[in-house]
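Printed here is query_32.pdb (PDB, C-alpha atoms and all ligand atoms):
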```pdb
ATOM      1  CA  MET A  14       4.736  92.702-200.566  1.00  0.00           C
ATOM      2  CA  SER A  15       3.879  94.027-197.124  1.00  0.00           C
ATOM      3  CA  ILE A  16       5.570  90.987-195.502  1.00  0.00           C
ATOM      4  CA  VAL A  17       8.750  91.648-197.473  1.00  0.00           C
ATOM      5  CA  LYS A  18       8.648  95.301-196.410  1.00  0.00           C
ATOM      6  CA  ALA A  19       8.140  94.417-192.744  1.00  0.00           C
ATOM      7  CA  ARG A  20      10.983  91.902-192.848  1.00  0.00           C
ATOM      8  CA  SER A  21      13.295  94.378-194.484  1.00  0.00           C
ATOM      9  CA  ALA A  22      12.406  97.045-191.909  1.00  0.00           C
ATOM     10  CA  SER A  23      13.061  94.745-188.967  1.00  0.00           C
ATOM     11  CA  LEU A  24      16.329  93.573-190.505  1.00  0.00           C
ATOM     12  CA  SER A  25      17.414  97.163-190.964  1.00  0.00           C
ATOM     13  CA  ALA A  26      16.491  98.000-187.377  1.00  0.00           C
ATOM     14  CA  MET A  27      18.437  94.955-186.247  1.00  0.00           C
ATOM     15  CA  SER A  28      21.482  95.977-188.228  1.00  0.00           C
ATOM     16  CA  ALA A  29      21.362  99.409-186.591  1.00  0.00           C
ATOM     17  CA  SER A  30      21.319  97.802-183.135  1.00  0.00           C
ATOM     18  CA  SER A  31      24.143  95.457-184.095  1.00  0.00           C
ATOM     19  CA  LEU A  32      26.087  98.454-185.358  1.00  0.00           C
ATOM     20  CA  LYS A  33      25.667 100.157-181.973  1.00  0.00           C
ATOM     21  CA  VAL A  34      27.267  97.199-180.228  1.00  0.00           C
ATOM     22  CA  ALA A  35      29.967  96.804-182.870  1.00  0.00           C
ATOM     23  CA  LEU A  36      30.933 100.469-182.731  1.00  0.00           C
ATOM     24  CA  GLY A  37      30.668 100.912-179.000  1.00  0.00           C
ATOM     25  CA  GLY A  38      32.257  97.639-177.970  1.00  0.00           C
ATOM     26  CA  VAL A  39      31.279  95.376-175.111  1.00  0.00           C
ATOM     27  CA  PHE A  40      31.939  97.995-172.424  1.00  0.00           C
ATOM     28  CA  ALA A  41      29.673 100.583-174.032  1.00  0.00           C
ATOM     29  CA  CYS A  42      27.021  97.899-174.467  1.00  0.00           C
ATOM     30  CA  VAL A  43      27.024  97.269-170.715  1.00  0.00           C
ATOM     31  CA  VAL A  44      27.058 100.998-169.953  1.00  0.00           C
ATOM     32  CA  SER A  45      24.138 101.581-172.326  1.00  0.00           C
ATOM     33  CA  LEU A  46      21.823  99.879-169.843  1.00  0.00           C
ATOM     34  CA  ALA A  47      22.407 102.644-167.297  1.00  0.00           C
ATOM     35  CA  HIS A  48      21.024 106.159-167.139  1.00  0.00           C
ATOM     36  CA  GLY A  49      23.380 109.076-166.723  1.00  0.00           C
ATOM     37  CA  VAL A  50      23.771 110.975-163.456  1.00  0.00           C
ATOM     38  CA  PRO A  51      24.332 114.713-162.818  1.00  0.00           C
ATOM     39  CA  ILE A  52      28.058 115.519-162.565  1.00  0.00           C
ATOM     40  CA  PRO A  53      28.233 119.196-161.479  1.00  0.00           C
ATOM     41  CA  MET A  54      31.947 119.714-162.190  1.00  0.00           C
ATOM     42  CA  GLN A  55      31.790 118.350-165.767  1.00  0.00           C
ATOM     43  CA  GLY A  56      30.834 120.585-168.716  1.00  0.00           C
ATOM     44  CA  THR A  57      29.177 123.991-168.556  1.00  0.00           C
ATOM     45  CA  TRP A  58      25.599 122.937-167.729  1.00  0.00           C
ATOM     46  CA  THR A  59      25.408 124.390-164.214  1.00  0.00           C
ATOM     47  CA  THR A  60      25.829 127.899-165.631  1.00  0.00           C
ATOM     48  CA  THR A  61      24.564 127.695-169.233  1.00  0.00           C
ATOM     49  CA  LEU A  62      21.257 125.830-168.698  1.00  0.00           C
ATOM     50  CA  LEU A  63      18.409 127.753-167.055  1.00  0.00           C
ATOM     51  CA  PRO A  64      15.477 125.778-165.559  1.00  0.00           C
ATOM     52  CA  ARG A  65      12.003 126.622-166.853  1.00  0.00           C
ATOM     53  CA  ASP A  66       9.075 125.594-164.624  1.00  0.00           C
ATOM     54  CA  LEU A  67       6.092 126.059-166.930  1.00  0.00           C
ATOM     55  CA  ASN A  68       3.315 124.946-164.568  1.00  0.00           C
ATOM     56  CA  ALA A  69       4.802 126.515-161.415  1.00  0.00           C
ATOM     57  CA  ASP A  70       4.894 123.239-159.444  1.00  0.00           C
ATOM     58  CA  GLY A  71       8.520 123.653-158.359  1.00  0.00           C
ATOM     59  CA  THR A  72       9.932 121.198-160.934  1.00  0.00           C
ATOM     60  CA  ALA A  73      11.633 122.299-164.159  1.00  0.00           C
ATOM     61  CA  ASP A  74       9.839 121.087-167.282  1.00  0.00           C
ATOM     62  CA  ALA A  75      12.428 122.427-169.726  1.00  0.00           C
ATOM     63  CA  TYR A  76      15.887 124.031-169.777  1.00  0.00           C
ATOM     64  CA  TYR A  77      16.860 127.108-171.769  1.00  0.00           C
ATOM     65  CA  ASP A  78      20.283 126.609-173.376  1.00  0.00           C
ATOM     66  CA  THR A  79      21.858 130.074-173.232  1.00  0.00           C
ATOM     67  CA  THR A  80      24.689 129.049-175.598  1.00  0.00           C
ATOM     68  CA  LEU A  81      22.581 127.635-178.439  1.00  0.00           C
ATOM     69  CA  ASN A  82      19.497 129.815-177.769  1.00  0.00           C
ATOM     70  CA  ILE A  83      17.174 126.818-177.766  1.00  0.00           C
ATOM     71  CA  THR A  84      15.066 125.139-175.058  1.00  0.00           C
ATOM     72  CA  TRP A  85      15.376 121.420-174.252  1.00  0.00           C
ATOM     73  CA  LEU A  86      12.594 119.251-172.851  1.00  0.00           C
ATOM     74  CA  ALA A  87      13.557 118.133-169.324  1.00  0.00           C
ATOM     75  CA  ASN A  88      12.492 114.577-170.165  1.00  0.00           C
ATOM     76  CA  ALA A  89      14.961 113.312-172.769  1.00  0.00           C
ATOM     77  CA  MET A  90      12.711 110.317-173.497  1.00  0.00           C
ATOM     78  CA  GLY A  91       9.506 112.227-174.138  1.00  0.00           C
ATOM     79  CA  THR A  92       7.637 109.524-176.041  1.00  0.00           C
ATOM     80  CA  LEU A  93       7.825 107.082-173.115  1.00  0.00           C
ATOM     81  CA  GLY A  94       4.281 106.045-172.206  1.00  0.00           C
ATOM     82  CA  THR A  95       2.770 107.635-175.329  1.00  0.00           C
ATOM     83  CA  VAL A  96       1.399 106.150-178.552  1.00  0.00           C
ATOM     84  CA  TYR A  97       4.541 107.476-180.270  1.00  0.00           C
ATOM     85  CA  ASP A  98       6.691 104.860-178.475  1.00  0.00           C
ATOM     86  CA  ASP A  99       6.409 102.552-181.486  1.00  0.00           C
ATOM     87  CA  ALA A 100       8.680  99.888-183.069  1.00  0.00           C
ATOM     88  CA  LEU A 101       9.511  98.131-179.778  1.00  0.00           C
ATOM     89  CA  PRO A 102       6.764  99.622-177.518  1.00  0.00           C
ATOM     90  CA  GLY A 103       7.526 100.596-173.915  1.00  0.00           C
ATOM     91  CA  ASN A 104      11.253 101.291-174.302  1.00  0.00           C
ATOM     92  CA  GLY A 105      10.880 105.085-174.594  1.00  0.00           C
ATOM     93  CA  GLU A 106      12.247 105.090-178.145  1.00  0.00           C
ATOM     94  CA  SER A 107      10.533 105.765-181.445  1.00  0.00           C
ATOM     95  CA  THR A 108      10.854 105.462-185.181  1.00  0.00           C
ATOM     96  CA  TRP A 109      11.976 108.686-186.869  1.00  0.00           C
ATOM     97  CA  THR A 110       8.506 109.403-188.285  1.00  0.00           C
ATOM     98  CA  ALA A 111       6.815 108.922-184.897  1.00  0.00           C
ATOM     99  CA  ALA A 112       9.490 111.068-183.209  1.00  0.00           C
ATOM    100  CA  LYS A 113       8.925 113.912-185.711  1.00  0.00           C
ATOM    101  CA  THR A 114       5.126 113.708-185.368  1.00  0.00           C
ATOM    102  CA  TRP A 115       5.348 113.622-181.539  1.00  0.00           C
ATOM    103  CA  ALA A 116       7.631 116.685-181.348  1.00  0.00           C
ATOM    104  CA  ALA A 117       5.471 118.707-183.765  1.00  0.00           C
ATOM    105  CA  SER A 118       2.294 117.884-181.810  1.00  0.00           C
ATOM    106  CA  LEU A 119       3.796 118.409-178.340  1.00  0.00           C
ATOM    107  CA  ASP A 120       1.915 120.910-176.168  1.00  0.00           C
ATOM    108  CA  LEU A 121       3.735 121.390-172.865  1.00  0.00           C
ATOM    109  CA  TYR A 122       1.493 123.509-170.610  1.00  0.00           C
ATOM    110  CA  GLY A 123       0.528 125.625-173.611  1.00  0.00           C
ATOM    111  CA  VAL A 124       4.055 125.838-175.056  1.00  0.00           C
ATOM    112  CA  THR A 125       4.228 124.480-178.627  1.00  0.00           C
ATOM    113  CA  GLY A 126       6.705 124.793-181.516  1.00  0.00           C
ATOM    114  CA  TRP A 127       8.854 121.777-180.573  1.00  0.00           C
ATOM    115  CA  ARG A 128      11.049 119.859-183.037  1.00  0.00           C
ATOM    116  CA  LEU A 129      13.879 117.313-183.055  1.00  0.00           C
ATOM    117  CA  PRO A 130      17.468 118.622-182.679  1.00  0.00           C
ATOM    118  CA  ARG A 131      19.324 119.736-185.832  1.00  0.00           C
ATOM    119  CA  PHE A 132      22.856 120.029-187.198  1.00  0.00           C
ATOM    120  CA  LEU A 133      24.516 123.316-186.223  1.00  0.00           C
ATOM    121  CA  GLY A 134      25.730 123.799-189.791  1.00  0.00           C
ATOM    122  CA  SER A 135      25.401 121.605-192.838  1.00  0.00           C
ATOM    123  CA  GLY A 136      25.291 117.936-191.820  1.00  0.00           C
ATOM    124  CA  PRO A 137      26.841 115.699-190.706  1.00  0.00           C
ATOM    125  CA  GLY A 138      28.998 118.084-188.642  1.00  0.00           C
ATOM    126  CA  PRO A 139      28.276 119.016-185.007  1.00  0.00           C
ATOM    127  CA  SER A 140      24.615 119.077-184.007  1.00  0.00           C
ATOM    128  CA  GLU A 141      22.619 120.537-181.136  1.00  0.00           C
ATOM    129  CA  VAL A 142      22.759 117.094-179.467  1.00  0.00           C
ATOM    130  CA  SER A 143      26.513 116.674-179.950  1.00  0.00           C
ATOM    131  CA  HIS A 144      27.039 120.159-178.484  1.00  0.00           C
ATOM    132  CA  MET A 145      24.894 119.175-175.499  1.00  0.00           C
ATOM    133  CA  HIS A 146      26.735 115.858-175.140  1.00  0.00           C
ATOM    134  CA  CYS A 147      30.293 117.106-175.506  1.00  0.00           C
ATOM    135  CA  VAL A 148      30.412 120.795-174.536  1.00  0.00           C
ATOM    136  CA  THR A 149      27.456 121.420-172.200  1.00  0.00           C
ATOM    137  CA  LEU A 150      27.693 118.063-170.380  1.00  0.00           C
ATOM    138  CA  GLY A 151      31.419 117.430-171.079  1.00  0.00           C
ATOM    139  CA  ASN A 152      31.003 113.758-171.995  1.00  0.00           C
ATOM    140  CA  ARG A 153      33.691 111.808-173.873  1.00  0.00           C
ATOM    141  CA  THR A 154      33.518 110.158-177.309  1.00  0.00           C
ATOM    142  CA  PRO A 155      35.768 107.564-178.959  1.00  0.00           C
ATOM    143  CA  GLY A 156      37.179 110.063-181.452  1.00  0.00           C
ATOM    144  CA  SER A 157      34.895 112.971-182.354  1.00  0.00           C
ATOM    145  CA  CYS A 158      35.001 115.333-179.369  1.00  0.00           C
ATOM    146  CA  ASN A 159      36.625 115.024-175.918  1.00  0.00           C
ATOM    147  CA  SER A 160      38.323 111.904-177.259  1.00  0.00           C
ATOM    148  CA  GLY A 161      39.132 109.366-174.618  1.00  0.00           C
ATOM    149  CA  PRO A 162      38.574 105.868-173.305  1.00  0.00           C
ATOM    150  CA  PRO A 163      35.079 104.614-172.389  1.00  0.00           C
ATOM    151  CA  PRO A 164      32.649 105.205-170.847  1.00  0.00           C
ATOM    152  CA  TRP A 165      31.244 107.361-173.667  1.00  0.00           C
ATOM    153  CA  ASN A 166      27.628 108.418-174.245  1.00  0.00           C
ATOM    154  CA  PHE A 167      25.639 110.432-171.662  1.00  0.00           C
ATOM    155  CA  VAL A 168      27.545 109.484-168.505  1.00  0.00           C
ATOM    156  CA  ASN A 169      26.796 113.024-167.261  1.00  0.00           C
ATOM    157  CA  SER A 170      23.075 113.655-167.793  1.00  0.00           C
ATOM    158  CA  GLY A 171      23.135 117.111-166.174  1.00  0.00           C
ATOM    159  CA  PRO A 172      19.624 118.068-164.983  1.00  0.00           C
ATOM    160  CA  PHE A 173      17.750 115.944-167.564  1.00  0.00           C
ATOM    161  CA  GLN A 174      15.489 112.976-166.861  1.00  0.00           C
ATOM    162  CA  ASN A 175      15.754 109.689-168.775  1.00  0.00           C
ATOM    163  CA  LEU A 176      18.901 110.779-170.577  1.00  0.00           C
ATOM    164  CA  ASN A 177      20.311 107.334-171.130  1.00  0.00           C
ATOM    165  CA  ASN A 178      22.971 106.092-173.448  1.00  0.00           C
ATOM    166  CA  ASN A 179      20.813 105.399-176.465  1.00  0.00           C
ATOM    167  CA  TRP A 180      21.070 107.144-179.787  1.00  0.00           C
ATOM    168  CA  VAL A 181      18.996 110.275-180.478  1.00  0.00           C
ATOM    169  CA  TRP A 182      17.139 111.099-183.699  1.00  0.00           C
ATOM    170  CA  LEU A 183      17.930 114.351-185.490  1.00  0.00           C
ATOM    171  CA  ASP A 184      15.336 116.374-187.420  1.00  0.00           C
ATOM    172  CA  GLU A 185      17.074 115.903-190.782  1.00  0.00           C
ATOM    173  CA  GLU A 186      16.333 113.156-193.275  1.00  0.00           C
ATOM    174  CA  ASP A 187      19.279 111.792-195.282  1.00  0.00           C
ATOM    175  CA  PRO A 188      18.109 111.749-198.904  1.00  0.00           C
ATOM    176  CA  SER A 189      21.502 110.432-200.090  1.00  0.00           C
ATOM    177  CA  SER A 190      20.901 107.042-198.412  1.00  0.00           C
ATOM    178  CA  GLY A 191      18.318 104.380-199.106  1.00  0.00           C
ATOM    179  CA  PRO A 192      15.862 103.121-200.074  1.00  0.00           C
ATOM    180  CA  PRO A 193      14.543 102.442-197.485  1.00  0.00           C
ATOM    181  CA  PRO A 194      14.503 106.088-196.336  1.00  0.00           C
ATOM    182  CA  HIS A 195      17.228 107.139-193.887  1.00  0.00           C
ATOM    183  CA  ALA A 196      17.522 109.952-191.334  1.00  0.00           C
ATOM    184  CA  TRP A 197      20.387 111.209-189.185  1.00  0.00           C
ATOM    185  CA  ALA A 198      20.888 110.133-185.585  1.00  0.00           C
ATOM    186  CA  PHE A 199      23.340 111.250-182.907  1.00  0.00           C
ATOM    187  CA  ALA A 200      25.616 108.432-181.757  1.00  0.00           C
ATOM    188  CA  GLY A 201      27.931 109.348-178.902  1.00  0.00           C
ATOM    189  CA  ASP A 202      29.662 105.980-178.944  1.00  0.00           C
ATOM    190  CA  ALA A 203      30.340 105.695-182.677  1.00  0.00           C
ATOM    191  CA  VAL A 204      34.036 105.334-183.381  1.00  0.00           C
ATOM    192  CA  SER A 205      34.190 106.968-186.801  1.00  0.00           C
ATOM    193  CA  ALA A 206      31.555 109.723-186.603  1.00  0.00           C
ATOM    194  CA  TYR A 207      29.388 111.637-184.166  1.00  0.00           C
ATOM    195  CA  HIS A 208      26.320 111.077-186.331  1.00  0.00           C
ATOM    196  CA  THR A 209      25.106 108.185-188.375  1.00  0.00           C
ATOM    197  CA  SER A 210      22.526 107.757-191.123  1.00  0.00           C
ATOM    198  CA  GLU A 211      19.972 105.153-190.085  1.00  0.00           C
ATOM    199  CA  VAL A 212      16.873 103.580-191.594  1.00  0.00           C
ATOM    200  CA  ILE A 213      13.865 105.567-190.325  1.00  0.00           C
ATOM    201  CA  THR A 214      12.171 102.474-188.847  1.00  0.00           C
ATOM    202  CA  ALA A 215      14.953 102.064-186.244  1.00  0.00           C
ATOM    203  CA  ASP A 216      13.987 102.691-182.586  1.00  0.00           C
ATOM    204  CA  PHE A 217      15.935 105.637-181.097  1.00  0.00           C
ATOM    205  CA  SER A 218      15.332 108.351-178.473  1.00  0.00           C
ATOM    206  CA  ALA A 219      13.200 111.395-179.340  1.00  0.00           C
ATOM    207  CA  TRP A 220      14.339 114.523-177.462  1.00  0.00           C
ATOM    208  CA  ALA A 221      12.352 117.666-178.210  1.00  0.00           C
ATOM    209  CA  VAL A 222      13.897 121.130-178.488  1.00  0.00           C
ATOM    210  CA  ARG A 223      12.442 124.512-179.353  1.00  0.00           C
ATOM    211  CA  ASP A 224      13.947 127.692-180.817  1.00  0.00           C
ATOM    212  CA  GLY A 225      14.681 130.405-178.259  1.00  0.00           C
ATOM    213  CA  ASP A 226      13.468 130.600-174.668  1.00  0.00           C
ATOM    214  CA  VAL A 227       9.979 129.514-173.615  1.00  0.00           C
ATOM    215  CA  PRO A 228       7.481 132.275-172.786  1.00  0.00           C
ATOM    216  CA  LEU A 229       7.349 132.402-168.991  1.00  0.00           C
ATOM    217  CA  PRO A 230       4.148 133.147-167.061  1.00  0.00           C
ATOM    218  CA  ALA A 231       3.935 136.906-166.445  1.00  0.00           C
ATOM    219  CA  ILE A 232       4.508 137.743-162.767  1.00  0.00           C
ATOM    220  CA  PRO A 233       3.132 141.205-161.848  1.00  0.00           C
ATOM    221  CA  GLU A 234       5.740 143.582-160.405  1.00  0.00           C
ATOM    222  CA  PRO A 235       5.283 144.990-156.866  1.00  0.00           C
ATOM    223  CA  GLY A 236       3.989 148.275-158.305  1.00  0.00           C
ATOM    224  CA  THR A 237       1.383 146.392-160.333  1.00  0.00           C
ATOM    225  CA  TRP A 238       0.242 144.509-157.231  1.00  0.00           C
ATOM    226  CA  ALA A 239      -0.179 147.828-155.354  1.00  0.00           C
ATOM    227  CA  LEU A 240      -2.246 149.294-158.211  1.00  0.00           C
ATOM    228  CA  MET A 241      -4.403 146.144-158.341  1.00  0.00           C
ATOM    229  CA  ALA A 242      -4.984 146.326-154.549  1.00  0.00           C
ATOM    230  CA  LEU A 243      -5.968 150.004-154.864  1.00  0.00           C
ATOM    231  CA  GLY A 244      -8.369 149.138-157.691  1.00  0.00           C
ATOM    232  CA  ILE A 245     -10.027 146.354-155.698  1.00  0.00           C
ATOM    233  CA  ALA A 246     -10.297 148.633-152.640  1.00  0.00           C
ATOM    234  CA  GLY A 247     -11.830 151.329-154.838  1.00  0.00           C
ATOM    235  CA  LEU A 248     -14.416 148.896-156.235  1.00  0.00           C
ATOM    236  CA  ALA A 249     -15.294 147.689-152.752  1.00  0.00           C
ATOM    237  CA  ALA A 250     -15.690 151.277-151.530  1.00  0.00           C
ATOM    238  CA  ALA A 251     -17.932 152.132-154.505  1.00  0.00           C
ATOM    239  CA  ARG A 252     -20.152 149.107-153.795  1.00  0.00           C
ATOM    240  CA  PHE A 253     -20.319 150.012-150.115  1.00  0.00           C
ATOM    241  CA  LYS A 254     -21.312 153.560-151.025  1.00  0.00           C
ATOM    242  CA  GLY A 255     -23.954 152.281-153.430  1.00  0.00           C
ATOM    243  CA  ARG A 256     -25.573 150.239-150.671  1.00  0.00           C
ATOM    244  CA  THR A 257     -25.743 153.068-148.144  1.00  0.00           C
TER
HETATM  245 CA    CA B 301       6.907 122.152-163.581  1.00  0.00          CA
HETATM  246 CA    CA B 302       9.828 102.034-178.986  1.00  0.00          CA
END
```

As C-alpha cells, what does this structure read like?
Ligand SMILES: [Ca+2]
Ligand SMILES: [Ca+2]
Amino acid sequence: MSIVKARSASLSAMSASSLKVALGGVFACVVSLAHGVPIPMQGTWTTTLLPRDLNADGTADAYYDTTLNITWLANAMGTLGTVYDDALPGNGESTWTAAKTWAASLDLYGVTGWRLPRFLGSGPGPSEVSHMHCVTLGNRTPGSCNSGPPPWNFVNSGPFQNLNNNWVWLDEEDPSSGPPPHAWAFAGDAVSAYHTSEVITADFSAWAVRDGDVPLPAIPEPGTWALMALGIAGLAAARFKGRT
C-alpha cells in the first residue's frame, strides 16, 4: 500500500514538472535555470517595497509591500538548507505541507506570524505572488498579465534573493481536486492561467509573507538620549556623593 502511494506521489510530481515544460515551452525551460536580476526601471518595486533590516547588520531581511500591506521574506527560497527542503532535497523547494509548516514555524530575529502567499480575492484569481510578479516587478506572462513573448517568470527579481523561475506554493488547498490532495501554486509561465492546482507532494518554492509591516527595533529619539544621559550623570553624581 505504501509503495503504491509513493509511486503515485512521484508520478504526480513528475506530471507537474512535465506540465511546467509543456506550458512554458523550450525557451522557458532554459530560462528556468537562471535566477532573476534586479531591473530598476521595470515595475514599481523601487518605490513600493521598503527594506526591513531586522538584525541591524546593514542587509535587508524582509521587504514591506506598501501596496498590499504585507511583508515579504528577502530570501524567496527560504527552505533552502533546512529540513523543510524535502521531496528532492537541496533544490530549495518543498512539498506544500513542508512549506506550510516551515512558514508557520519561521522566527526571523524574533519576528513570527509568517505564512504562504494567498489569493487577493476568491481563488484562482490574482494572488499576492501574481501581484508581485506582474505589477510590483513588471514581469511578463504568456496571457494572464503583461501578456507578451518570453521570457516570462521572474526575469526581474527586484531586491529579492533566490527568486528564480520556479513555481511558488500558495497558502490555499484546493479541495475540489484530488485525491491525492491538491493545493494552489503560482505559475508565471502557464499559458492558460496564472495559478494551477497541483498535487501537494510536488516540489515548489516556499516564499514566506506576513500581514502588515514588521515591528522595527525602537530607536530612541534625540530627546530620549539626552534624558538618558542626564539620568546616568545623576546616578554617577549620587554615587560620588555617597562615597565622599
Ligand atoms: Ca539584516
Ligand atoms: Ca526539495

Identify, counting all atoms listed in the file, the protein, DNA and RNA residues located within 12 Å of ligand CA 302 (chain B), and give them as a PyMOL selection string. chain A and resi 26+90-112+179+214-219

Atomic distance atom CA of A:Asp74 - atom CA of A:Ala117, expressed in Å with one decimal: 17.2 Å

Contacts of ligand CA 301 (chain B), 10 Å or closer, only C-alpha atoms and all ligand atoms, given as a ChimeraX atom specification: /A:64-75,87,121-122

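Between A:Gly134 and the candidates A:Pro193, A:Trp85, A:Thr79, A:Glu185, the tightest atom-to-atom separation, counting all atoms listed in the file, involves A:Glu185.
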
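By chain and then residue number, the residues within 9 Å of A:Gln55 are Pro51, Ile52, Trp58, Thr59, Thr149, Leu150, Gly151, Asn152, Asn169 and Gly171 of chain A, counting all atoms listed in the file and disregarding those fewer than 3 positions away in sequence.
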
Centre, x/y/z edge lengths, axis-aligned box for stretch 161-179 of chain A with 3 Å per side, as AutoDock Vina command-line options:
```
--center_x 27.3 --center_y 111.3 --center_z -170.7 --size_x 29.6 --size_y 19.5 --size_z 17.5
```

Near A:Gly136, within 9 Å and counting only C-alpha atoms, which residues show up once chain neighbours fewer than 4 positions away are dropped, as a PyMOL selection string? chain A and resi 131-132+140+185+197+208

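Run against this file, the PyMOL selection byres (((chain A and resi 124) around 10) and not hetatm) gives back Leu67, Leu119, Asp120, Leu121, Tyr122, Gly123, Thr125, Gly126, Trp127, Arg223, Val227, Pro228 and Leu229 of chain A.
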
Once you have the residues from the selection above, write them out as a PDB file, in the frame of the given file, restricted to C-alpha atoms.
```
ATOM      1  CA  LEU A  67       6.092 126.059-166.930  1.00  0.00           C
ATOM      2  CA  LEU A 119       3.796 118.409-178.340  1.00  0.00           C
ATOM      3  CA  ASP A 120       1.915 120.910-176.168  1.00  0.00           C
ATOM      4  CA  LEU A 121       3.735 121.390-172.865  1.00  0.00           C
ATOM      5  CA  TYR A 122       1.493 123.509-170.610  1.00  0.00           C
ATOM      6  CA  GLY A 123       0.528 125.625-173.611  1.00  0.00           C
ATOM      7  CA  THR A 125       4.228 124.480-178.627  1.00  0.00           C
ATOM      8  CA  GLY A 126       6.705 124.793-181.516  1.00  0.00           C
ATOM      9  CA  TRP A 127       8.854 121.777-180.573  1.00  0.00           C
ATOM     10  CA  ARG A 223      12.442 124.512-179.353  1.00  0.00           C
ATOM     11  CA  VAL A 227       9.979 129.514-173.615  1.00  0.00           C
ATOM     12  CA  PRO A 228       7.481 132.275-172.786  1.00  0.00           C
ATOM     13  CA  LEU A 229       7.349 132.402-168.991  1.00  0.00           C
TER      14      LEU A 229
END
```

Residues at most 8 Å from A:Asp184, counting all atoms listed in the file, excluding those fewer than 4 positions away in the same chain, as number ranges by chain? A: 113, 128-131, 196-197

Considering all atoms listed in the file, return as JSON, numbers by chain whatever protein or nucleic-acid residues lie within 9 Å of A:Phe199, sequence-local ones (same chain, fewer than 3 positions apart) excluded. {"A": [140, 142, 143, 180, 181, 182, 183, 203, 207, 208, 209, 210]}

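Note that atom CA of A:Glu186 and atom CA of A:His146 are 21.1 Å apart.
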
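Distances here use all atoms listed in the file; by that measure, the residue among A:Leu176, A:Asn82, A:Cys147, A:Val50 closest to A:Asp224 is A:Asn82.
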
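Atom CA of A:Pro53 to atom CA of A:Leu86 spans 19.3 Å [interatomic distance, one decimal].
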
For A:Gly156, the closest of A:Gly225, A:Gly201, A:Gly56, A:Gly49 counting all atoms listed in the file is A:Gly201

Nearest residue to A:Pro137 out of A:Val168, A:Ala206, A:Ile213, A:Leu81, using only C-alpha atoms? A:Ala206
